[in-house]
Amino acid sequence: TVNALTGMDTNLASFLIPWGVIAYTAAGGLKATFMASYIHTAIIFIVLVVCVYTVYVKSYSTDAIYDMLQMVASYNTDQCEAIFSDGNKTFFEKGSFSCGPVADNEQGSYLTMMSLGGLKFGIINIVGNFGTVFVDQSYWQSAIAAKPASTHKGYLLGGLVWFTIPFALATSLGLAGVALQLPLSVSEAGAGLVPPAVATHLFGSGGAVMMAVMLFMAITSTG
């Protein structure tokens, strides 16, 4: 995602980004990690509010996005090929772009909770993230440093705050990407390029900057 937004080499970005964390941790210790988490989360939420407001109030509306998603689910192969073309030749491949009914979703809808793919993703996400959090020393560090009476409340509230971020991105930029039929392939979506692409479509170069800042804030938040 950093490479797509800035053109920076992925290996170079992987080397440079941790130095931001090292700098403020070395300067302020454990207190700096707590302060950084608060500040970074606030910045992320500001970007989320701007994105949600733009998609559902300023540029479109909930009804407009809903109608467009219903229309996308009704497209046949010929219509999808016409949408994803460069004028003379189509680059649409069934299963590679979000166009037409969704396989294994109830009635092929993009708006249903009855999704086999969604169920599989949910199971993988829960199991995988549980393991990631369990072995992440920053969570243990925060738990040990916090007062026992406050720890469980802090982690419950932190979980709700964390859930808001992917939920808001998916229901604003994610659904907008499908509704607007931006030419994003499955591989590009899997690489996390949907939010940057939609933000750039809506805000221009400012959207790319917002996504880059939000990504940096998320990566360098330590707790």
# chains A, B, ... in the order shown; residues from 1 in each chain; ligands from 1
call {"tool": "residues_around", "arguments": {"residues": "Val50 (chain A)", "least_positions_apart": "4", "cutoff": "12 Å", "atoms": "only C-alpha atoms", "output": "ChimeraX atom specification"}}
result
/A:43-46,54-59,168-169,172-173,199,202-203,206-207,210-211
call {"tool": "select_by_dssp", "arguments": {"residues": "region 5-189 of chain A", "states": "helix (DSSP H, G or I)", "output": "ChimeraX atom specification"}}
result
/A:5-6,10-58,62-74,77-83,106-108,116-134,137-145,148-179,186-189
call {"tool": "closest_atom_pairs", "arguments": {"of": "region 141-196 of chain A", "to": "region 65-87 of chain A", "cutoff": "9 Å", "atoms": "only C-alpha atoms", "output": "Markdown table"}}
result
| residue | atom | partner | partner_atom | distance |
| --- | --- | --- | --- | --- |
| A:Leu175 | CA | A:Ile65 | CA | 7.6 |
| A:Ala176 | CA | A:Ile65 | CA | 6.8 |
| A:Val178 | CA | A:Leu69 | CA | 7.0 |
| A:Ala179 | CA | A:Leu69 | CA | 5.0 |
| A:Leu180 | CA | A:Met68 | CA | 7.5 |
| A:Gln181 | CA | A:Ile83 | CA | 7.9 |
| A:Leu182 | CA | A:Phe84 | CA | 8.7 |
| A:Pro183 | CA | A:Phe84 | CA | 6.7 |
call {"tool": "residues_around", "arguments": {"residues": "Leu184 (chain A)", "least_positions_apart": "2", "cutoff": "12 Å", "atoms": "only C-alpha atoms", "output": "PDB file with C-alpha atoms, in the first residue's frame"}}
result
ATOM      1  CA  PHE A  84     -14.377  -2.814 -17.576  1.00  0.00           C
ATOM      2  CA  PHE A  91     -10.163  -6.605 -19.438  1.00  0.00           C
ATOM      3  CA  PHE A  92     -13.008  -8.053 -17.372  1.00  0.00           C
ATOM      4  CA  GLU A  93     -12.575 -11.596 -16.096  1.00  0.00           C
ATOM      5  CA  GLY A  95     -14.253 -13.641 -10.507  1.00  0.00           C
ATOM      6  CA  SER A  96     -11.461 -11.072 -10.821  1.00  0.00           C
ATOM      7  CA  PHE A  97     -13.618  -7.954 -10.466  1.00  0.00           C
ATOM      8  CA  SER A  98     -16.567  -7.083  -8.217  1.00  0.00           C
ATOM      9  CA  CYS A  99     -19.201  -6.946 -10.922  1.00  0.00           C
ATOM     10  CA  GLY A 174     -15.032  -0.469   0.465  1.00  0.00           C
ATOM     11  CA  ALA A 176     -18.104   2.845  -2.547  1.00  0.00           C
ATOM     12  CA  GLY A 177     -15.391   1.106  -4.564  1.00  0.00           C
ATOM     13  CA  VAL A 178     -17.877  -1.566  -5.638  1.00  0.00           C
ATOM     14  CA  ALA A 179     -20.778   0.845  -6.122  1.00  0.00           C
ATOM     15  CA  LEU A 180     -18.693   3.142  -8.328  1.00  0.00           C
ATOM     16  CA  GLN A 181     -17.254   0.152 -10.232  1.00  0.00           C
ATOM     17  CA  LEU A 182     -13.652   1.241  -9.951  1.00  0.00           C
ATOM     18  CA  VAL A 186      -9.242  -9.253  -6.600  1.00  0.00           C
ATOM     19  CA  SER A 187      -5.465  -9.273  -6.208  1.00  0.00           C
ATOM     20  CA  GLU A 188      -5.402  -5.485  -5.776  1.00  0.00           C
ATOM     21  CA  ALA A 189      -8.200  -5.659  -3.216  1.00  0.00           C
ATOM     22  CA  GLY A 190      -6.326  -8.403  -1.366  1.00  0.00           C
ATOM     23  CA  ALA A 191      -3.265  -6.149  -1.276  1.00  0.00           C
ATOM     24  CA  GLY A 192      -5.279  -3.474   0.565  1.00  0.00           C
ATOM     25  CA  LEU A 193      -5.511  -1.037  -2.340  1.00  0.00           C
ATOM     26  CA  VAL A 194      -9.279  -0.408  -2.220  1.00  0.00           C
ATOM     27  CA  PRO A 195      -9.234   2.434   0.383  1.00  0.00           C
ATOM     28  CA  PRO A 196      -6.359   4.294  -1.358  1.00  0.00           C
ATOM     29  CA  ALA A 197      -8.000   3.923  -4.767  1.00  0.00           C
ATOM     30  CA  VAL A 198     -11.411   5.152  -3.599  1.00  0.00           C
TER      31      VAL A 198
END
call {"tool": "closest_residue", "arguments": {"among": "A:His40, A:Val49, A:Ile123, A:Lys94", "to": "Val21 (chain A)", "atoms": "only C-alpha atoms"}}
result
A:His40
call {"tool": "atom_distance", "arguments": {"atom1": "CA of Ala36 (chain A)", "atom2": "CA of Met217 (chain A)"}}
result
8.8 Å
call {"tool": "closest_atom_pairs", "arguments": {"of": "region 23-69 of chain A", "to": "region 13-19 of chain A", "cutoff": "10 Å", "atoms": "only C-alpha atoms", "output": "CSV"}}
result
residue,atom,partner,partner_atom,distance
A:Ala23,CA,A:Trp19,CA,6.0
A:Tyr24,CA,A:Trp19,CA,8.8
A:Thr25,CA,A:Trp19,CA,9.7
call {"tool": "select_by_dssp", "arguments": {"residues": "region 66-163 of chain A", "states": "strand (DSSP E or B)", "output": "count of residues only"}}
result
6
call {"tool": "residues_around", "arguments": {"residues": "Asn3 (chain A)", "least_positions_apart": "3", "cutoff": "10 Å", "atoms": "only C-alpha atoms", "output": "list in words"}}
result
Thr6, Gly7, Met8, Asp9, Thr10, Asn11, Leu12, Ala13 and Ala212 of chain A
call {"tool": "write_last_selection", "arguments": {"atoms": "N, CA, C and O atoms", "output": "compact mmCIF listing (two decimals), in the first residue's frame"}}
result
# COMPACT_ATOMS: atom_id res chain seq x y z
N THR A 6 2.96 6.05 -2.61
CA THR A 6 4.10 6.97 -2.66
C THR A 6 5.16 6.59 -3.69
O THR A 6 6.00 7.41 -4.03
N GLY A 7 5.14 5.33 -4.13
CA GLY A 7 6.19 4.87 -5.04
C GLY A 7 7.45 4.43 -4.32
O GLY A 7 8.43 4.02 -4.95
N MET A 8 7.44 4.52 -2.98
CA MET A 8 8.61 4.12 -2.19
C MET A 8 8.82 2.62 -2.29
O MET A 8 7.86 1.84 -2.27
N ASP A 9 10.06 2.20 -2.37
CA ASP A 9 10.39 0.79 -2.41
C ASP A 9 9.90 0.11 -1.12
O ASP A 9 10.07 0.64 -0.02
N THR A 10 9.29 -1.06 -1.27
CA THR A 10 8.70 -1.75 -0.12
C THR A 10 9.75 -2.09 0.93
O THR A 10 9.51 -1.94 2.14
N ASN A 11 10.90 -2.57 0.50
CA ASN A 11 11.96 -2.92 1.44
C ASN A 11 12.48 -1.69 2.20
O ASN A 11 12.73 -1.76 3.41
N LEU A 12 12.59 -0.58 1.49
CA LEU A 12 13.04 0.65 2.13
C LEU A 12 12.02 1.14 3.15
O LEU A 12 12.38 1.56 4.26
N ALA A 13 10.73 1.06 2.79
CA ALA A 13 9.67 1.48 3.72
C ALA A 13 9.67 0.60 4.95
O ALA A 13 9.51 1.09 6.08
N ALA A 212 -2.05 7.62 3.30
CA ALA A 212 -0.66 7.39 3.69
C ALA A 212 -0.44 7.77 5.16
O ALA A 212 0.22 7.04 5.91
call {"tool": "closest_residue", "arguments": {"among": "A:Ile219, A:Val133, A:Ala103, A:Met113", "to": "Gly159 (chain A)", "atoms": "only C-alpha atoms"}}
result
A:Val133
